[in-house]
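> Sending over my_file_10.cif (mmCIF, C-alpha atoms).
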data_run
loop_
_atom_site.label_atom_id
_atom_site.label_comp_id
_atom_site.auth_asym_id
_atom_site.auth_seq_id
_atom_site.Cartn_x
_atom_site.Cartn_y
_atom_site.Cartn_z
CA MET A 1 3.69 115.97 136.14
CA PRO A 2 0.63 118.07 135.29
CA HIS A 3 1.25 120.62 132.57
CA LEU A 4 -0.48 123.32 130.53
CA THR A 5 -0.35 123.23 126.74
CA SER A 6 -1.75 125.03 123.69
CA ARG A 7 -3.96 123.47 121.00
CA PRO A 8 -4.64 124.27 117.33
CA GLY A 9 -7.67 126.56 117.44
CA GLY A 10 -10.91 125.13 116.10
CA VAL A 11 -9.57 121.83 114.65
CA LEU A 12 -11.67 119.53 116.81
CA ARG A 13 -14.75 121.72 116.37
CA ALA A 14 -14.39 121.39 112.61
CA LEU A 15 -14.26 117.59 112.86
CA LEU A 16 -17.02 116.96 115.38
CA ALA A 17 -20.59 118.10 115.85
CA VAL A 18 -20.56 119.37 119.40
CA VAL A 19 -23.37 118.86 121.87
CA LEU A 20 -22.87 120.95 125.00
CA ALA A 21 -23.78 119.89 128.49
CA ALA A 22 -23.03 122.77 130.88
CA ALA A 23 -23.10 122.92 134.67
CA PHE A 24 -22.72 126.17 136.60
CA GLY A 25 -23.16 127.12 140.24
CA SER A 26 -22.63 123.56 141.54
CA THR A 27 -18.95 123.40 140.80
CA ALA A 28 -18.18 121.39 143.91
CA LEU A 29 -19.97 118.47 142.25
CA PRO A 30 -17.93 116.57 139.64
CA ALA A 31 -19.18 116.07 136.11
CA ALA A 32 -19.01 112.79 134.29
CA ALA A 33 -18.83 111.74 130.66
CA ASP A 34 -18.44 108.44 128.84
CA THR A 35 -15.42 108.30 126.57
CA ALA A 36 -14.99 106.05 123.56
CA ASP A 37 -13.67 103.17 125.68
CA ASP A 38 -16.63 103.48 128.07
CA SER A 39 -14.49 104.49 131.03
CA GLU A 40 -15.95 107.18 133.29
CA ILE A 41 -14.24 110.54 133.58
CA ARG A 42 -15.26 112.75 136.47
CA TRP A 43 -13.95 116.20 137.32
CA SER A 44 -14.72 119.46 139.07
CA VAL A 45 -13.83 123.09 138.42
CA THR A 46 -13.83 125.71 141.19
CA PRO A 47 -12.38 129.16 141.88
CA ALA A 48 -9.12 128.93 143.78
CA ASP A 49 -6.10 130.72 145.11
CA GLU A 50 -2.51 129.72 144.38
CA SER A 51 -2.70 126.76 146.75
CA GLY A 52 -6.05 125.29 145.70
CA PRO A 53 -9.86 125.68 145.95
CA ASP A 54 -10.74 128.56 148.27
CA GLY A 55 -14.46 127.99 148.90
CA ARG A 56 -15.83 130.47 146.37
CA SER A 57 -18.62 129.34 144.06
CA ALA A 58 -18.00 132.19 141.58
CA VAL A 59 -15.38 134.80 140.74
CA GLU A 60 -16.45 138.42 141.22
CA HIS A 61 -14.26 141.50 140.85
CA ASP A 62 -14.61 145.30 140.73
CA ILE A 63 -12.19 146.50 138.04
CA ASP A 64 -11.48 149.96 136.68
CA PRO A 65 -11.56 150.41 132.89
CA GLY A 66 -8.10 149.70 131.49
CA ASP A 67 -7.01 147.66 134.54
CA SER A 68 -6.56 143.92 134.98
CA VAL A 69 -6.87 141.37 137.81
CA SER A 70 -5.18 138.00 138.20
CA ASP A 71 -7.00 135.04 139.73
CA HIS A 72 -6.96 131.23 139.76
CA PHE A 73 -9.20 128.21 139.38
CA ALA A 74 -8.65 124.55 140.20
CA VAL A 75 -9.36 121.56 137.95
CA ARG A 76 -9.66 118.31 139.86
CA ASN A 77 -9.55 114.98 138.03
CA VAL A 78 -11.56 112.46 140.05
CA SER A 79 -11.21 109.67 137.48
CA ALA A 80 -8.69 106.84 137.39
CA GLU A 81 -6.73 108.05 134.36
CA GLU A 82 -4.84 111.13 133.22
CA VAL A 83 -7.07 113.54 131.30
CA THR A 84 -6.41 116.62 129.19
CA PHE A 85 -9.22 119.11 129.66
CA ARG A 86 -10.06 121.86 127.20
CA LEU A 87 -10.34 125.26 128.86
CA ALA A 88 -12.61 128.02 127.59
CA ALA A 89 -14.02 131.39 128.61
CA ALA A 90 -17.14 132.90 127.05
CA ASP A 91 -19.89 135.44 127.65
CA GLY A 92 -22.43 134.35 130.23
CA PHE A 93 -26.17 134.72 130.52
CA TYR A 94 -29.14 133.57 132.58
CA THR A 95 -31.66 131.25 130.97
CA ARG A 96 -35.43 131.78 131.11
CA THR A 97 -35.52 129.37 134.04
CA GLY A 98 -33.04 131.55 135.97
CA ARG A 99 -29.98 129.30 135.63
CA PHE A 100 -26.58 130.62 134.59
CA ASP A 101 -24.98 129.38 131.37
CA MET A 102 -22.38 130.56 128.87
CA LEU A 103 -22.24 130.69 125.09
CA PRO A 104 -21.44 127.39 123.36
CA ALA A 105 -18.19 126.92 121.49
CA ASP A 106 -19.70 127.75 118.11
CA GLN A 107 -20.86 131.24 119.19
CA GLU A 108 -18.46 134.16 119.44
CA SER A 109 -18.25 136.22 122.63
CA VAL A 110 -18.44 139.99 122.36
CA ASP A 111 -18.28 141.12 126.00
CA SER A 112 -16.48 140.02 129.17
CA GLY A 113 -15.82 136.54 127.83
CA THR A 114 -13.19 138.18 125.63
CA TRP A 115 -11.55 139.86 128.62
CA ILE A 116 -10.40 136.56 130.18
CA SER A 117 -7.02 135.08 129.29
CA ILE A 118 -6.57 131.38 130.08
CA PRO A 119 -4.48 128.50 128.70
CA ASP A 120 -6.03 126.40 125.93
CA ASP A 121 -5.98 123.20 128.01
CA VAL A 122 -4.60 121.51 131.08
CA THR A 123 -3.53 117.92 131.71
CA VAL A 124 -4.38 116.54 135.14
CA ALA A 125 -3.17 113.20 136.48
CA ALA A 126 -5.63 110.74 137.99
CA GLY A 127 -6.80 111.89 141.42
CA GLU A 128 -4.83 115.14 141.19
CA THR A 129 -5.75 118.85 141.15
CA VAL A 130 -4.09 121.52 139.04
CA VAL A 131 -4.40 125.24 139.81
CA VAL A 132 -4.70 127.32 136.65
CA PRO A 133 -3.98 131.09 136.65
CA PHE A 134 -6.01 133.47 134.53
CA ASP A 135 -6.26 137.23 133.95
CA ILE A 136 -9.22 139.56 133.48
CA THR A 137 -8.32 142.69 131.50
CA VAL A 138 -11.03 145.33 131.15
CA PRO A 139 -10.84 147.54 128.05
CA GLU A 140 -10.67 151.28 128.63
CA THR A 141 -13.91 151.67 126.65
CA ALA A 142 -15.89 149.15 128.73
CA GLU A 143 -19.29 150.35 129.94
CA PRO A 144 -19.69 150.70 133.72
CA GLY A 145 -21.76 148.00 135.38
CA ASP A 146 -21.95 144.23 135.58
CA HIS A 147 -20.60 141.96 132.83
CA ALA A 148 -21.00 138.18 133.07
CA ALA A 149 -18.83 135.42 131.68
CA GLY A 150 -17.97 131.83 132.49
CA ILE A 151 -14.93 129.55 132.57
CA THR A 152 -15.22 125.84 131.79
CA ALA A 153 -13.10 122.72 131.61
CA SER A 154 -14.43 120.15 129.16
CA ILE A 155 -13.71 116.87 127.40
CA LEU A 156 -14.67 115.61 123.97
CA SER A 157 -15.96 112.10 123.46
CA VAL A 158 -17.55 110.15 120.63
CA GLN A 159 -20.98 108.59 121.08
CA SER A 160 -23.31 106.74 118.74
CA GLY A 161 -26.54 108.44 117.71
CA ASP A 162 -29.90 106.74 117.17
CA ASP A 163 -29.08 106.25 113.51
CA GLY A 164 -25.72 104.63 114.31
CA ALA A 165 -23.67 107.65 113.27
CA SER A 166 -20.84 108.83 115.50
CA VAL A 167 -21.43 112.15 117.19
CA GLY A 168 -18.88 114.26 119.01
CA VAL A 169 -20.05 115.33 122.47
CA GLU A 170 -18.45 118.07 124.56
CA SER A 171 -19.21 117.75 128.27
CA ARG A 172 -18.26 120.78 130.31
CA ILE A 173 -18.45 122.12 133.82
CA GLY A 174 -17.49 125.53 135.07
CA PHE A 175 -18.26 128.59 137.15
CA ARG A 176 -19.43 132.17 136.77
CA VAL A 177 -17.07 135.13 136.37
CA LEU A 178 -18.77 138.46 137.09
CA THR A 179 -16.90 141.69 136.46
CA ARG A 180 -18.27 145.00 137.70
CA VAL A 181 -16.66 147.80 135.72
CA THR A 182 -16.38 150.82 137.97
CA GLY A 183 -18.02 154.10 137.07
CA GLU A 184 -21.57 155.38 137.30
CA ILE A 185 -23.66 152.51 138.66
CA THR A 186 -27.36 152.95 137.88
CA PRO A 187 -29.59 150.03 138.91
CA ALA A 188 -33.11 150.22 137.48
CA ALA A 189 -35.97 147.92 136.51
CA ALA A 190 -39.32 148.00 134.75
CA VAL A 191 -42.45 145.85 134.55
CA GLU A 192 -43.93 145.47 131.07
CA ASP A 193 -46.59 143.54 129.14
CA VAL A 194 -48.83 142.63 132.07
CA VAL A 195 -51.51 140.15 130.97
CA SER A 196 -54.10 138.73 133.39
CA THR A 197 -56.80 136.11 132.91
CA TYR A 198 -59.51 135.07 135.35
CA ALA A 199 -60.63 131.47 135.89
CA LEU A 200 -64.07 131.04 137.46
CA SER A 201 -64.95 128.51 140.10
CA TRP A 202 -68.34 127.13 139.11
CA ASN A 203 -69.09 126.64 142.78
CA PRO A 204 -70.82 129.94 143.58
CA LEU A 205 -69.60 129.73 147.15
CA ARG A 206 -65.93 129.63 146.16
CA PRO A 207 -63.76 132.36 144.58
CA GLY A 208 -61.76 131.84 141.39
CA GLU A 209 -58.11 132.50 140.55
CA MET A 210 -56.24 135.11 138.55
CA THR A 211 -53.23 134.18 136.41
CA VAL A 212 -50.93 137.14 135.81
CA THR A 213 -48.04 137.04 133.32
CA PHE A 214 -45.57 139.93 133.03
CA ASP A 215 -42.05 140.82 131.91
CA VAL A 216 -39.41 142.09 134.32
CA VAL A 217 -36.78 144.15 132.48
CA ASN A 218 -33.38 145.09 133.92
CA THR A 219 -33.03 148.59 132.50
CA GLY A 220 -29.98 149.49 134.60
CA ASN A 221 -26.36 148.40 134.47
CA THR A 222 -26.17 146.09 137.52
CA ARG A 223 -27.51 142.62 138.13
CA LEU A 224 -30.83 142.46 139.95
CA ILE A 225 -32.90 139.85 141.75
CA ALA A 226 -36.55 140.05 140.71
CA GLU A 227 -39.03 139.57 143.53
CA GLY A 228 -42.26 141.19 144.63
CA VAL A 229 -46.00 140.73 145.01
CA VAL A 230 -48.95 140.40 142.64
CA GLU A 231 -52.30 141.66 143.97
CA ALA A 232 -55.64 140.83 142.37
CA GLY A 233 -58.83 142.01 144.07
CA THR A 234 -58.54 140.98 147.72
CA GLY A 235 -55.94 138.24 147.02
CA SER A 236 -52.17 138.43 146.69
CA VAL A 237 -49.15 136.17 146.12
CA ALA A 238 -45.39 136.72 146.29
CA PHE A 239 -43.09 135.95 143.35
CA PRO A 240 -41.10 133.89 142.88
CA VAL A 241 -43.09 131.47 145.04
CA GLU A 242 -41.37 129.52 147.78
CA GLY A 243 -39.20 126.76 146.36
CA GLU A 244 -38.70 128.38 142.95
CA ILE A 245 -35.23 129.37 141.78
CA THR A 246 -34.09 132.94 142.43
CA GLN A 247 -34.61 135.07 139.34
CA GLU A 248 -31.40 137.03 138.74
CA LEU A 249 -31.23 139.39 135.76
CA LEU A 250 -28.14 140.84 134.14
CA PRO A 251 -28.23 144.32 132.58
CA GLY A 252 -30.53 144.28 129.56
CA ASP A 253 -32.17 140.98 130.51
CA THR A 254 -35.92 140.42 130.24
CA ARG A 255 -37.56 137.64 132.24
CA THR A 256 -41.16 136.53 131.77
CA MET A 257 -42.77 135.60 135.07
CA THR A 258 -46.17 134.17 136.02
CA ALA A 259 -48.07 134.40 139.29
CA VAL A 260 -51.35 132.69 140.18
CA VAL A 261 -53.49 134.50 142.76
CA ASP A 262 -56.08 132.33 144.51
CA GLY A 263 -59.17 133.54 146.37
CA VAL A 264 -60.23 136.21 143.87
CA TRP A 265 -63.97 136.90 143.85
CA PRO A 266 -65.51 137.84 140.48
CA LEU A 267 -66.67 141.43 140.87
CA PHE A 268 -67.12 142.20 137.16
CA VAL A 269 -63.96 144.35 137.10
CA VAL A 270 -60.97 143.21 139.21
CA PRO A 271 -57.93 145.49 139.64
CA VAL A 272 -54.56 143.73 139.19
CA LYS A 273 -51.31 145.21 140.49
CA VAL A 274 -47.74 143.94 140.01
CA ILE A 275 -45.37 145.33 142.64
CA LEU A 276 -41.72 144.64 141.80
CA ASP A 277 -39.19 145.06 144.63
CA PRO A 278 -35.89 144.62 142.76
CA VAL A 279 -32.88 143.68 144.88
CA VAL A 280 -29.44 145.02 143.94
CA VAL A 281 -26.56 142.61 144.67
CA THR A 282 -23.11 144.05 145.37
CA MET A 283 -19.77 142.31 144.95
CA ASP A 284 -19.36 141.88 148.71
CA GLY A 285 -22.67 140.04 148.97
CA GLU A 286 -24.63 142.93 150.44
CA THR A 287 -28.05 143.69 149.00
CA SER A 288 -30.24 146.77 148.77
CA THR A 289 -33.69 147.36 147.36
CA LEU A 290 -34.81 149.96 144.88
CA THR A 291 -38.01 151.95 144.95
CA PRO A 292 -40.80 149.48 144.09
CA VAL A 293 -41.94 149.44 140.48
CA VAL A 294 -45.72 149.18 140.07
CA ALA A 295 -47.77 148.19 137.01
CA GLU A 296 -51.57 148.01 137.05
CA VAL A 297 -54.27 146.59 134.80
CA VAL A 298 -57.94 145.66 135.20
CA THR A 299 -59.51 142.34 134.26
CA TRP A 300 -63.11 141.42 133.52
CA ALA A 301 -64.41 138.79 135.91
CA VAL A 302 -68.14 138.24 135.34
CA PRO A 303 -69.66 136.25 138.25
CA TRP A 304 -71.67 133.86 136.09
CA PRO A 305 -72.25 131.20 138.79
CA GLN A 306 -73.44 133.80 141.25
CA LEU A 307 -75.61 135.45 138.58
CA ILE A 308 -77.17 132.08 137.74
CA VAL A 309 -77.94 131.51 141.44
CA VAL A 310 -79.42 135.01 141.77
CA LEU A 311 -81.45 134.48 138.59
CA GLY A 312 -82.73 131.17 139.95
CA ILE A 313 -83.74 132.80 143.22
CA VAL A 314 -85.46 135.61 141.33
CA LEU A 315 -87.32 133.09 139.19
CA VAL A 316 -88.44 131.10 142.25
CA ILE A 317 -89.60 134.24 144.04
CA GLY A 318 -91.32 135.43 140.86
CA ALA A 319 -93.07 132.09 140.48
CA VAL A 320 -94.29 132.21 144.09
CA VAL A 321 -95.50 135.80 143.75
CA TRP A 322 -97.17 135.08 140.43
CA GLY A 323 -98.83 132.02 141.93
CA ARG A 324 -100.20 134.08 144.78
CA ILE A 325 -101.42 136.75 142.39
CA ARG A 326 -103.21 134.14 140.29
CA SER A 327 -104.71 132.57 143.41
CA ARG A 328 -105.93 135.96 144.60
CA ARG A 329 -107.41 136.71 141.19
CA ARG A 330 -109.09 133.32 141.10
CA LEU A 331 -110.55 133.89 144.58
CA ASP A 332 -111.73 137.36 143.63
CA THR A 333 -113.41 135.93 140.51
CA LEU A 334 -115.14 133.23 142.56
CA LEU A 335 -116.38 135.80 145.08
CA ALA A 336 -117.61 138.08 142.33
CA ASP A 337 -119.41 135.17 140.65
CA ALA A 338 -120.98 134.19 143.98
CA ARG A 339 -122.17 137.76 144.58
CA GLU A 340 -123.64 137.93 141.10
CA GLU A 341 -125.38 134.62 141.54
CA GLY A 342 -126.81 135.80 144.91
CA ARG A 343 -128.04 139.02 143.31
CA ARG A 344 -129.75 137.13 140.51
CA ALA A 345 -131.34 134.70 142.96
CA ALA A 346 -132.69 137.61 144.99
CA GLU A 347 -134.15 139.21 141.86
CA ARG A 348 -135.89 135.98 140.90
CA SER A 349 -137.39 135.70 144.39
CA GLU A 350 -138.80 139.24 144.19
CA GLU A 351 -140.38 138.56 140.79
CA THR A 352 -142.07 135.40 142.15
CA VAL A 353 -143.60 137.30 145.03
#
Show this structure as structure tokens.

Amino acid sequence: MPHLTSRPGGVLRALLAVVLAAAFGSTALPAAADTADDSEIRWSVTPADESGPDGRSAVEHDIDPGDSVSDHFAVRNVSAEEVTFRLAAADGFYTRTGRFDMLPADQESVDSGTWISIPDDVTVAAGETVVVPFDITVPETAEPGDHAAGITASILSVQSGDDGASVGVESRIGFRVLTRVTGEITPAAAVEDVVSTYALSWNPLRPGEMTVTFDVVNTGNTRLIAEGVVEAGTGSVAFPVEGEITQELLPGDTRTMTAVVDGVWPLFVVPVKVILDPVVVTMDGETSTLTPVVAEVVTWAVPWPQLIVVLGIVLVIGAVVWGRIRSRRRLDTLLADAREEGRRAAERSEETV
């Protein structure tokens, strides 16, 4: 029968150097790890109700300060042997690439990861699923707004390093737990540290490109999705570009983003504008946009190829004009010499007579 147990806190962590492999947001896909006997263990962890997985990819709750909510998650053992999984909850965060993760086991949580109460571990028979209850208790002093955490189920295994030494490896998979503490909700964002550089096209008939790097800062207390447009001269591009991961920011997060604007003609001074249209995500999945946030800079873009072409044309025209002037002067000199010679010849004829 599957059962829940407690474990001595921190004993395994003291014995093994832990390497963490986390997976969030794709909880329907099982994780796999090689154990010491080389058998494959595969499992999945998903939000659930009392009867089993309920189709959610994450747990999200609105909770008043001082209140608590009970929920469930399901651990499914897809391998061919019984496995005891370690269970953990910790503060969550988004990486620079926009993916959700949670603090590793050797870092202490200070926010909503400490609000989650779960068993230490769970034993799941081969091919079976166990539903695990957990509670989220919000302190009365919690700040209003969004607080992110994660719940994982993991296994420890021993693998050999390159130097032959045995290394403990913790493989984990889990899901996001987002708690919105009720109160004054104030979404806000800012764009900071805009830096733009211009790259010339040495073909004078083609425009260059502007690379714009900037920081998006979530200055409010709700999660935001960062999207918008970067304009440079007559060109523009949306960010994030199609195919890139959605950039979600938790309160206090800063995300560095880069946009490349093609088709920018070098006009000595090119205005650059970053227009951020932050999207506010609610617990029921609805979204709303804030007033756009605009940051502007100017970038030098000297049209050297075009100037070289213009200079070449000027030199050619100058050479032609100068050649004509010299030819005219030469002709005038020849005519003057001819007139002088005629005058002298006439004078000699008169003297002879």
> Tell me, in Å to one decimal, how far CA of Asp277 (chain A) is from CA of Val229 (chain A).
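So the answer is 8.1 Å.
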> If you count all atoms listed in the file, which residues fall within 12 Å of Gly233 (chain A), apart from same-chain ones fewer than 2 positions away, as a VMD selection string?
chain A and resid 198 207 to 210 230 to 231 235 to 237 261 to 274 296 to 301
> Using the chain letters and numbering of this document, enumerate as a PDB file with C-alpha atoms, keeping the file's coordinate frame the residues selected by the PyMOL selection byres ((chain A and resi 211) around 6).

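selection_9.pdb was written with the following content:
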ATOM      1  CA  SER A 196     -54.100 138.730 133.390  1.00  0.00           C
ATOM      2  CA  THR A 197     -56.800 136.110 132.910  1.00  0.00           C
ATOM      3  CA  MET A 210     -56.240 135.110 138.550  1.00  0.00           C
ATOM      4  CA  VAL A 212     -50.930 137.140 135.810  1.00  0.00           C
ATOM      5  CA  ALA A 259     -48.070 134.400 139.290  1.00  0.00           C
ATOM      6  CA  VAL A 260     -51.350 132.690 140.180  1.00  0.00           C
TER       7      VAL A 260
END
> Take the PyMOL selection byres ((chain A and resi 181) around 7), run it mentally on this structure, and tell me the resulting residues as a PyMOL selection string.
chain A and resi 62-65+143-146+179-180+182-183
> In Å, rounded to a single decimal, give me how far CA of Glu244 (chain A) is from CA of Glu192 (chain A).
21.5 Å
> Go through A:Glu128, A:Asp121, A:Val78, A:Arg176 one by one, measure the shortest atom-to-atom distance of each to Phe100 (chain A) using all atoms listed in the file, and give the residue with the smallest value.
A:Arg176
> So that I can see what lies close to region 83-98 of chain A, please list as a list in words the residues with an atom at most 7 Å from it, counting all atoms listed in the file and leaving out residues fewer than 4 positions away in the same chain.
Met102, Leu103, Ser109, Asp111, Ser112, Gly113, Thr114, Ile116, Pro119, Asp120, Asp121, Val122, Thr123, Val124, Ala125, Ala148, Ala149, Gly150, Ile151, Thr152, Ala153, Ser154, Ile155, Ile245, Thr246, Gln247, Glu248, Leu249 and Arg255 of chain A
> Would you work out the distance separating CA of Ala199 (chain A) from CA of Leu315 (chain A), expressed in Å to one decimal?
26.9 Å
> So, counting only C-alpha atoms, which residue among A:Glu242, A:Glu227, A:Asp337, A:Glu50 is closest to Val279 (chain A)?
A:Glu227
